[in-house]
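Trainee: Structure file final30.json, JSON, C-alpha atoms and all ligand atoms, is pasted below:
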```json
[["chain", "number", "residue", "atom", "x", "y", "z"],
["A", 1186, "MET", "CA", -12.10, 7.08, 4.15],
["A", 1187, "ILE", "CA", -9.13, 5.39, 5.89],
["A", 1188, "SER", "CA", -9.05, 6.32, 9.53],
["A", 1189, "LEU", "CA", -6.54, 5.14, 12.09],
["A", 1190, "GLN", "CA", -7.25, 6.14, 15.67],
["A", 1191, "GLU", "CA", -4.47, 5.71, 18.21],
["A", 1192, "VAL", "CA", -3.29, 2.39, 16.79],
["A", 1193, "SER", "CA", -0.42, 0.62, 18.53],
["A", 1194, "LYS", "CA", 1.35, -2.65, 17.81],
["A", 1195, "SER", "CA", 4.07, -4.51, 19.71],
["A", 1196, "PHE", "CA", 6.05, -7.57, 18.70],
["A", 1197, "GLY", "CA", 7.72, -10.08, 21.01],
["A", 1198, "ASN", "CA", 7.20, -10.84, 24.68],
["A", 1199, "GLY", "CA", 8.56, -9.79, 28.06],
["A", 1200, "THR", "CA", 11.92, -8.04, 27.85],
["A", 1201, "ASP", "CA", 11.99, -8.69, 24.08],
["A", 1202, "ARG", "CA", 8.77, -6.71, 23.61],
["A", 1203, "TYR", "CA", 9.17, -4.07, 20.92],
["A", 1204, "LEU", "CA", 6.73, -1.24, 20.26],
["A", 1205, "ALA", "CA", 6.67, -1.10, 16.43],
["A", 1206, "ILE", "CA", 3.67, 1.29, 16.13],
["A", 1207, "ASP", "CA", 3.15, 3.84, 18.86],
["A", 1208, "ALA", "CA", -0.32, 5.45, 19.13],
["A", 1209, "VAL", "CA", -0.63, 6.48, 15.47],
["A", 1210, "SER", "CA", -3.66, 8.47, 14.29],
["A", 1211, "LEU", "CA", -4.12, 9.29, 10.61],
["A", 1212, "ASP", "CA", -6.97, 10.18, 8.26],
["A", 1213, "ILE", "CA", -6.45, 9.51, 4.57],
["A", 1214, "GLU", "CA", -8.81, 11.32, 2.22],
["A", 1215, "GLU", "CA", -10.92, 9.48, -0.31],
["A", 1216, "GLY", "CA", -9.37, 9.67, -3.78],
["A", 1217, "SER", "CA", -5.95, 10.77, -2.58],
["A", 1218, "ILE", "CA", -2.50, 9.28, -3.13],
["A", 1219, "HIS", "CA", -0.94, 9.24, 0.31],
["A", 1220, "GLY", "CA", 2.74, 8.45, 0.89],
["A", 1221, "ILE", "CA", 4.28, 7.08, 4.05],
["A", 1222, "ILE", "CA", 8.01, 7.64, 4.19],
["A", 1223, "GLY", "CA", 10.66, 6.82, 6.77],
["A", 1224, "ALA", "CA", 13.87, 4.95, 7.41],
["A", 1225, "SER", "CA", 14.02, 1.17, 7.39],
["A", 1226, "GLY", "CA", 12.48, -0.24, 10.58],
["A", 1227, "ALA", "CA", 10.41, 2.91, 11.24],
["A", 1228, "GLY", "CA", 7.19, 0.84, 11.10],
["A", 1229, "LYS", "CA", 5.89, 1.78, 7.63],
["A", 1230, "SER", "CA", 5.01, -1.75, 6.43],
["A", 1231, "THR", "CA", 3.46, -2.63, 9.77],
["A", 1232, "LEU", "CA", 1.29, 0.49, 9.61],
["A", 1233, "LEU", "CA", 0.21, -0.38, 6.05],
["A", 1234, "ARG", "CA", -0.69, -3.93, 7.09],
["A", 1235, "ILE", "CA", -2.69, -2.49, 9.99],
["A", 1236, "MET", "CA", -4.83, -0.56, 7.46],
["A", 1237, "ASN", "CA", -6.41, -3.79, 6.20],
["A", 1238, "VAL", "CA", -5.92, -5.56, 9.54],
["A", 1239, "LEU", "CA", -3.51, -8.11, 8.06],
["A", 1240, "GLU", "CA", -1.69, -7.02, 11.21],
["A", 1241, "ARG", "CA", -4.20, -6.58, 14.03],
["A", 1242, "PRO", "CA", -3.30, -3.64, 16.28],
["A", 1243, "ASP", "CA", -3.05, -4.26, 20.04],
["A", 1244, "ALA", "CA", -4.97, -1.03, 20.61],
["A", 1245, "GLY", "CA", -6.83, 1.57, 18.56],
["A", 1246, "LYS", "CA", -9.36, 1.51, 15.74],
["A", 1247, "VAL", "CA", -9.08, 1.10, 11.98],
["A", 1248, "SER", "CA", -11.98, 2.20, 9.75],
["A", 1249, "VAL", "CA", -12.15, 2.01, 5.97],
["A", 1250, "ASN", "CA", -15.10, 3.42, 4.00],
["A", 1251, "GLY", "CA", -16.83, 4.15, 7.31],
["A", 1252, "ARG", "CA", -16.63, 0.53, 8.48],
["A", 1253, "GLU", "CA", -14.60, -0.35, 11.54],
["A", 1254, "LEU", "CA", -12.37, -3.24, 10.43],
["A", 1255, "THR", "CA", -10.95, -3.77, 13.92],
["A", 1256, "ALA", "CA", -14.47, -4.72, 15.05],
["A", 1257, "LEU", "CA", -14.68, -7.49, 12.42],
["A", 1258, "GLY", "CA", -13.30, -11.00, 12.31],
["A", 1259, "GLY", "CA", -13.41, -14.11, 10.15],
["A", 1260, "ARG", "CA", -15.65, -14.03, 7.10],
["A", 1261, "GLU", "CA", -16.80, -10.41, 7.60],
["A", 1262, "LEU", "CA", -13.22, -9.17, 7.67],
["A", 1263, "ARG", "CA", -12.27, -11.24, 4.60],
["A", 1264, "GLU", "CA", -15.22, -9.77, 2.73],
["A", 1265, "ALA", "CA", -14.41, -6.20, 3.81],
["A", 1266, "ARG", "CA", -10.81, -6.73, 2.67],
["A", 1267, "ARG", "CA", -12.01, -7.35, -0.90],
["A", 1268, "SER", "CA", -12.42, -3.61, -1.27],
["A", 1269, "ILE", "CA", -8.75, -3.15, -0.33],
["A", 1270, "GLY", "CA", -6.13, -4.32, -2.85],
["A", 1271, "MET", "CA", -2.47, -4.72, -1.95],
["A", 1272, "ILE", "CA", 0.82, -4.90, -3.86],
["A", 1273, "PHE", "CA", 4.31, -5.67, -2.58],
["A", 1274, "GLN", "CA", 7.96, -5.00, -3.33],
["A", 1275, "LEU", "CA", 8.59, -8.58, -4.50],
["A", 1276, "PHE", "CA", 5.26, -8.91, -6.34],
["A", 1277, "GLN", "CA", 4.24, -12.18, -4.58],
["A", 1278, "LEU", "CA", 2.89, -13.85, -7.69],
["A", 1279, "VAL", "CA", 2.07, -17.57, -7.70],
["A", 1280, "SER", "CA", 4.87, -19.06, -9.79],
["A", 1281, "ASN", "CA", 2.99, -22.11, -11.09],
["A", 1282, "ARG", "CA", 0.02, -20.07, -12.32],
["A", 1283, "THR", "CA", -0.02, -18.10, -15.54],
["A", 1284, "VAL", "CA", -0.59, -14.35, -15.60],
["A", 1285, "TRP", "CA", -4.26, -15.10, -16.25],
["A", 1286, "GLY", "CA", -4.33, -17.58, -13.35],
["A", 1287, "ASN", "CA", -2.75, -15.09, -10.97],
["A", 1288, "VAL", "CA", -5.23, -12.35, -11.79],
["A", 1289, "SER", "CA", -8.13, -14.78, -11.65],
["A", 1290, "LEU", "CA", -7.19, -16.04, -8.15],
["A", 1291, "PRO", "CA", -8.91, -13.38, -5.99],
["A", 1292, "LEU", "CA", -12.05, -13.73, -8.12],
["A", 1293, "GLU", "CA", -11.99, -17.51, -7.63],
["A", 1294, "LEU", "CA", -11.66, -16.98, -3.86],
["A", 1295, "ALA", "CA", -14.62, -14.58, -4.01],
["A", 1296, "LYS", "CA", -16.57, -17.29, -5.90],
["A", 1297, "VAL", "CA", -17.19, -15.05, -8.90],
["A", 1298, "PRO", "CA", -18.85, -17.09, -11.70],
["A", 1299, "LYS", "CA", -16.48, -18.27, -14.42],
["A", 1300, "ALA", "CA", -17.85, -16.15, -17.27],
["A", 1301, "VAL", "CA", -17.81, -12.94, -15.20],
["A", 1302, "ARG", "CA", -14.31, -13.85, -14.02],
["A", 1303, "ALA", "CA", -13.01, -14.27, -17.55],
["A", 1304, "GLU", "CA", -14.40, -10.90, -18.57],
["A", 1305, "ARG", "CA", -12.95, -9.18, -15.52],
["A", 1306, "VAL", "CA", -9.48, -10.75, -15.91],
["A", 1307, "GLN", "CA", -9.36, -9.60, -19.51],
["A", 1308, "GLU", "CA", -10.48, -6.11, -18.53],
["A", 1309, "VAL", "CA", -7.83, -5.60, -15.83],
["A", 1310, "LEU", "CA", -5.06, -7.12, -17.96],
["A", 1311, "ARG", "CA", -6.02, -4.67, -20.70],
["A", 1312, "PHE", "CA", -5.98, -1.86, -18.14],
["A", 1313, "VAL", "CA", -2.35, -2.60, -17.18],
["A", 1314, "GLY", "CA", -1.32, -3.28, -20.80],
["A", 1315, "LEU", "CA", -0.59, -6.98, -20.43],
["A", 1316, "GLU", "CA", -3.30, -8.71, -22.49],
["A", 1317, "ASP", "CA", -0.65, -10.36, -24.65],
["A", 1318, "LYS", "CA", 1.04, -11.96, -21.61],
["A", 1319, "ALA", "CA", -2.03, -13.80, -20.30],
["A", 1320, "LYS", "CA", -0.52, -17.23, -20.96],
["A", 1321, "SER", "CA", 2.99, -16.43, -19.67],
["A", 1322, "TYR", "CA", 4.31, -17.56, -16.31],
["A", 1323, "PRO", "CA", 5.80, -15.04, -13.83],
["A", 1324, "ALA", "CA", 9.35, -16.33, -14.47],
["A", 1325, "GLN", "CA", 8.99, -15.28, -18.11],
["A", 1326, "LEU", "CA", 8.27, -11.63, -17.21],
["A", 1327, "SER", "CA", 10.41, -8.58, -16.40],
["A", 1328, "GLY", "CA", 10.15, -6.96, -12.96],
["A", 1329, "GLY", "CA", 7.92, -4.20, -14.30],
["A", 1330, "GLN", "CA", 5.62, -6.72, -15.99],
["A", 1331, "LYS", "CA", 5.42, -8.76, -12.77],
["A", 1332, "GLN", "CA", 4.39, -5.67, -10.85],
["A", 1333, "ARG", "CA", 1.74, -4.91, -13.49],
["A", 1334, "VAL", "CA", 0.35, -8.43, -13.00],
["A", 1335, "ALA", "CA", 0.30, -7.85, -9.24],
["A", 1336, "ILE", "CA", -1.53, -4.56, -9.82],
["A", 1337, "ALA", "CA", -4.05, -6.29, -12.12],
["A", 1338, "ARG", "CA", -4.59, -8.96, -9.47],
["A", 1339, "ALA", "CA", -5.10, -6.27, -6.81],
["A", 1340, "LEU", "CA", -7.66, -4.53, -9.05],
["A", 1341, "ALA", "CA", -9.60, -7.69, -9.92],
["A", 1342, "ASN", "CA", -12.17, -7.26, -7.14],
["A", 1343, "SER", "CA", -12.67, -3.54, -7.99],
["A", 1344, "PRO", "CA", -11.17, -2.20, -4.76],
["A", 1345, "THR", "CA", -11.71, 1.35, -3.52],
["A", 1346, "VAL", "CA", -8.30, 1.34, -1.80],
["A", 1347, "LEU", "CA", -4.91, 0.11, -3.03],
["A", 1348, "LEU", "CA", -2.14, -0.38, -0.44],
["A", 1349, "CYS", "CA", 1.36, -0.41, -1.95],
["A", 1350, "ASP", "CA", 4.31, -1.69, 0.09],
["A", 1351, "GLU", "CA", 7.55, -0.41, -1.50],
["A", 1352, "PRO", "CA", 6.03, -1.05, -4.96],
["A", 1353, "THR", "CA", 9.04, 0.17, -6.94],
["A", 1354, "SER", "CA", 11.94, -0.73, -4.67],
["A", 1355, "SER", "CA", 12.95, -3.74, -6.81],
["A", 1356, "LEU", "CA", 12.70, -1.80, -10.09],
["A", 1357, "ASP", "CA", 15.08, 0.35, -12.13],
["A", 1358, "PRO", "CA", 14.31, 4.09, -12.49],
["A", 1359, "ARG", "CA", 12.66, 3.78, -15.91],
["A", 1360, "THR", "CA", 10.38, 0.94, -14.79],
["A", 1361, "THR", "CA", 9.70, 2.79, -11.54],
["A", 1362, "ALA", "CA", 8.38, 5.72, -13.60],
["A", 1363, "ASP", "CA", 6.18, 3.34, -15.64],
["A", 1364, "ILE", "CA", 4.67, 1.76, -12.54],
["A", 1365, "LEU", "CA", 4.05, 5.16, -10.95],
["A", 1366, "ASP", "CA", 2.23, 6.14, -14.16],
["A", 1367, "VAL", "CA", 0.02, 3.05, -13.83],
["A", 1368, "LEU", "CA", -0.75, 3.92, -10.19],
["A", 1369, "ARG", "CA", -1.55, 7.54, -11.12],
["A", 1370, "HIS", "CA", -3.83, 6.27, -13.91],
["A", 1371, "ILE", "CA", -5.66, 3.98, -11.46],
["A", 1372, "ASN", "CA", -6.17, 6.88, -9.08],
["A", 1373, "ARG", "CA", -7.39, 9.29, -11.76],
["A", 1374, "THR", "CA", -9.54, 7.03, -13.88],
["A", 1375, "LEU", "CA", -10.92, 4.64, -11.25],
["A", 1376, "GLY", "CA", -10.88, 7.03, -8.27],
["A", 1377, "VAL", "CA", -9.05, 4.44, -6.16],
["A", 1378, "THR", "CA", -7.45, 5.81, -2.97],
["A", 1379, "ILE", "CA", -3.78, 4.80, -2.95],
["A", 1380, "VAL", "CA", -1.41, 4.50, 0.00],
["A", 1381, "ILE", "CA", 2.27, 4.06, -0.86],
["A", 1382, "VAL", "CA", 4.93, 3.06, 1.64],
["A", 1383, "SER", "CA", 8.40, 3.89, 0.41],
["A", 1384, "HIS", "CA", 11.85, 4.85, 1.62],
["A", 1385, "GLU", "CA", 12.45, 6.64, -1.72],
["A", 1386, "MET", "CA", 11.72, 10.37, -1.46],
["A", 1387, "ASP", "CA", 11.61, 10.73, -5.27],
["A", 1388, "VAL", "CA", 8.81, 8.16, -5.52],
["A", 1389, "VAL", "CA", 6.72, 9.80, -2.83],
["A", 1390, "ASN", "CA", 7.36, 13.33, -4.07],
["A", 1391, "GLY", "CA", 6.60, 12.34, -7.64],
["A", 1392, "ILE", "CA", 3.17, 10.87, -7.10],
["A", 1393, "CYS", "CA", 1.72, 11.56, -3.64],
["A", 1394, "ASP", "CA", -0.57, 14.47, -2.82],
["A", 1395, "HIS", "CA", -0.06, 13.92, 0.91],
["A", 1396, "VAL", "CA", 2.97, 12.58, 2.73],
["A", 1397, "SER", "CA", 3.30, 11.26, 6.28],
["A", 1398, "VAL", "CA", 6.68, 10.76, 7.92],
["A", 1399, "MET", "CA", 7.35, 7.85, 10.29],
["A", 1400, "GLU", "CA", 10.14, 7.73, 12.82],
["A", 1401, "ASP", "CA", 10.55, 4.93, 15.37],
["A", 1402, "GLY", "CA", 6.94, 3.80, 15.19],
["A", 1403, "ARG", "CA", 5.49, 7.30, 15.44],
["A", 1404, "LEU", "CA", 3.96, 9.48, 12.79],
["A", 1405, "THR", "CA", 5.83, 12.74, 13.19],
["A", 1406, "ARG", "CA", 4.47, 14.88, 10.35],
["A", 1407, "THR", "CA", 1.89, 14.95, 7.59],
["A", 1408, "TYR", "CA", 2.30, 17.28, 4.61],
["A", 1409, "ARG", "CA", 0.41, 18.26, 1.52],
["A", 1410, "ASN", "CA", 2.79, 17.73, -1.40],
["A", 1411, "SER", "CA", 2.70, 20.36, -4.11],
["A", 1412, "GLN", "CA", 3.56, 17.78, -6.78],
["A", 1413, "GLN", "CA", 7.23, 17.67, -7.75],
["A", 1414, "ASP", "CA", 7.90, 21.09, -6.19],
["A", 1415, "GLY", "CA", 8.97, 19.73, -2.85],
["A", 1416, "VAL", "CA", 6.87, 19.37, 0.24],
["A", 1417, "VAL", "CA", 4.67, 22.08, 1.74],
["A", 1418, "PRO", "CA", 3.90, 21.83, 5.45],
["A", 1419, "GLN", "CA", 0.20, 21.33, 6.22],
["A", 1420, "ASP", "CA", -0.58, 20.88, 9.89],
["A", 1421, "THR", "CA", 2.11, 19.40, 12.04],
["A", 1422, "GLY", "CA", 0.40, 18.96, 15.39],
["A", 1423, "THR", "CA", 3.06, 16.51, 16.51],
["A", 1424, "PRO", "CA", 6.72, 17.19, 17.35],
["A", 1425, "THR", "CA", 9.32, 17.13, 14.58],
["A", 1426, "ASN", "CA", 13.03, 16.40, 14.74],
["A", 1427, "GLY", "CA", 13.81, 19.87, 13.45],
["A", 1428, "ALA", "CA", 15.09, 18.68, 10.06],
["A", 1429, "GLY", "CA", 14.41, 20.79, 6.95],
["A", 1430, "GLU", "CA", 11.17, 19.91, 5.15],
["A", 1431, "THR", "CA", 12.80, 18.11, 2.27],
["A", 1432, "GLY", "CA", 16.38, 18.04, 3.52],
["A", 1433, "GLY", "CA", 15.66, 15.68, 6.39],
["A", 1434, "LEU", "CA", 13.53, 13.42, 4.22],
["A", 1435, "GLY", "CA", 15.96, 13.33, 1.32],
["A", 1436, "LEU", "CA", 18.44, 11.45, 3.47],
["A", 1437, "LEU", "CA", 16.17, 8.45, 3.93],
["B", 1501, "LIG", "P1", 9.63, -0.50, 7.80],
["B", 1501, "LIG", "O1", 8.57, -0.93, 6.86],
["B", 1501, "LIG", "O2", 9.57, 0.97, 8.11],
["B", 1501, "LIG", "O3", 11.00, -0.93, 7.37],
["B", 1501, "LIG", "P2", 8.49, -2.51, 9.55],
["B", 1501, "LIG", "O4", 7.09, -2.11, 9.74],
["B", 1501, "LIG", "O5", 8.78, -3.60, 8.57],
["B", 1501, "LIG", "O6", 9.37, -1.21, 9.21],
["B", 1501, "LIG", "O7", 9.09, -2.95, 10.95],
["B", 1501, "LIG", "C1", 9.05, -2.11, 12.11],
["B", 1501, "LIG", "C2", 9.73, -2.84, 13.26],
["B", 1501, "LIG", "O8", 8.91, -3.93, 13.68],
["B", 1501, "LIG", "C3", 11.08, -3.41, 12.90],
["B", 1501, "LIG", "O9", 11.93, -3.31, 14.02],
["B", 1501, "LIG", "C4", 10.75, -4.86, 12.60],
["B", 1501, "LIG", "O10", 11.87, -5.68, 12.86],
["B", 1501, "LIG", "C5", 9.62, -5.14, 13.57],
["B", 1501, "LIG", "N1", 8.71, -6.17, 13.05],
["B", 1501, "LIG", "C6", 7.92, -6.04, 11.96],
["B", 1501, "LIG", "N2", 7.17, -7.16, 11.79],
["B", 1501, "LIG", "C7", 7.52, -8.01, 12.79],
["B", 1501, "LIG", "C8", 7.11, -9.32, 13.17],
["B", 1501, "LIG", "N3", 6.18, -9.99, 12.48],
["B", 1501, "LIG", "N4", 7.69, -9.87, 14.25],
["B", 1501, "LIG", "C9", 8.61, -9.19, 14.98],
["B", 1501, "LIG", "N5", 9.04, -7.94, 14.68],
["B", 1501, "LIG", "C10", 8.51, -7.37, 13.61]]
```
Using structure tokens, write down the structure that the file contains.
Ligand code: ADP
Mentor:
Amino acid sequence: MISLQEVSKSFGNGTDRYLAIDAVSLDIEEGSIHGIIGASGAGKSTLLRIMNVLERPDAGKVSVNGRELTALGGRELREARRSIGMIFQLFQLVSNRTVWGNVSLPLELAKVPKAVRAERVQEVLRFVGLEDKAKSYPAQLSGGQKQRVAIARALANSPTVLLCDEPTSSLDPRTTADILDVLRHINRTLGVTIVIVSHEMDVVNGICDHVSVMEDGRLTRTYRNSQQDGVVPQDTGTPTNGAGETGGLGLL
């Protein structure tokens, strides 16, 4: 469902050129919750942004739902991206729009008729438990509520994929657990495939059924996670640094 084939990405020029993503291949199953873990600077966010071609790779192919996104540009790519929602560590809400206005925004951009829009905004706000905050502004909300608004906004266009970039890194442990519950609920009830980038092993272990490890722009391992019981090796295929399965990751 999400397929990366030998994707690479460099930043900078000449002697300053830096290979941030180095020939990464990865298949993410439909309906799964897939974690990408690694130290800061390993390339996790860049890889996530490559999945919806917000960051265009220098080489390699990206396909989502059987459609090659790297072959698209302009309007076609914007339309294909509607089936891919995204949330961020710092929520990225529009401060001068209400909760309702924030959630409505992607539907306005997709030119959804007003009446359909209103119904959909109400539906997704109900889904994340924030119907009563529709008229509030982001500054009036807690961190957890802001992330719920961002999730509602990401769900507005009924995506099949939700990309999450450090979605709980600005939240306290209790709120982190709440947001992970919301993501689990989205996966189970709506069947949305979720990819979570995080440097927090607890987050990834707690919710992801598969985990990939990034080190210096390379994907070194992918595991099937036996929920909360640690990480069980699946197929490695690529070299590892020899660290213990959870021991090495726990230090991130
Ligand atoms: P992570 O999410 O694992 O912390 P990132 O994907 O954010 O890592 O970054 C990987 C590397 O690429 C880092 O060295 C970062 O500084 C660099 N990088 C990321 N985005 C850019 C950019 N737009 N311009 C230049 N360098 C970048």
Trainee: Hey, can you check how far CA of Lys1331 (chain A) sits from atom C8 of ligand LIG 1501 (chain B)?
Mentor: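 Separation between CA of Lys1331 (chain A) and atom C8 of ligand LIG 1501 (chain B): 26.0 Å.
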Trainee: Counting only C-alpha atoms and all ligand atoms, what residues are within 6 Å of ligand LIG 1501 (chain B), given as a PyMOL selection string?
Mentor: chain A and resi 1196+1205+1224-1231
Trainee: For Glu1385 (chain A), list every protein, DNA or RNA residue within 12 Å, evaluated using all atoms listed in the file, and leave out those in the same chain fewer than 4 positions away; present the list as a VMD selection string.
Mentor: chain A and resid 1220 to 1225 1350 to 1356 1358 1361 1381 1389 to 1393 1398 1434 to 1437
Trainee: Which polymer residues have any atom within 10 Å of an atom of Met1236 (chain A), counting all atoms listed in the file, with same-chain residues fewer than 5 positions away left out, as a PyMOL selection string?
Mentor: chain A and resi 1187-1189+1192+1230-1231+1241-1242+1246-1249+1254-1255+1266+1269+1348+1380
Trainee: Please measure the separation of CA of Met1186 (chain A) and CA of Glu1214 (chain A), giving the value in Å to one decimal.
Mentor: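 Going from CA of Met1186 (chain A) over to CA of Glu1214 (chain A), I get 5.7 Å.
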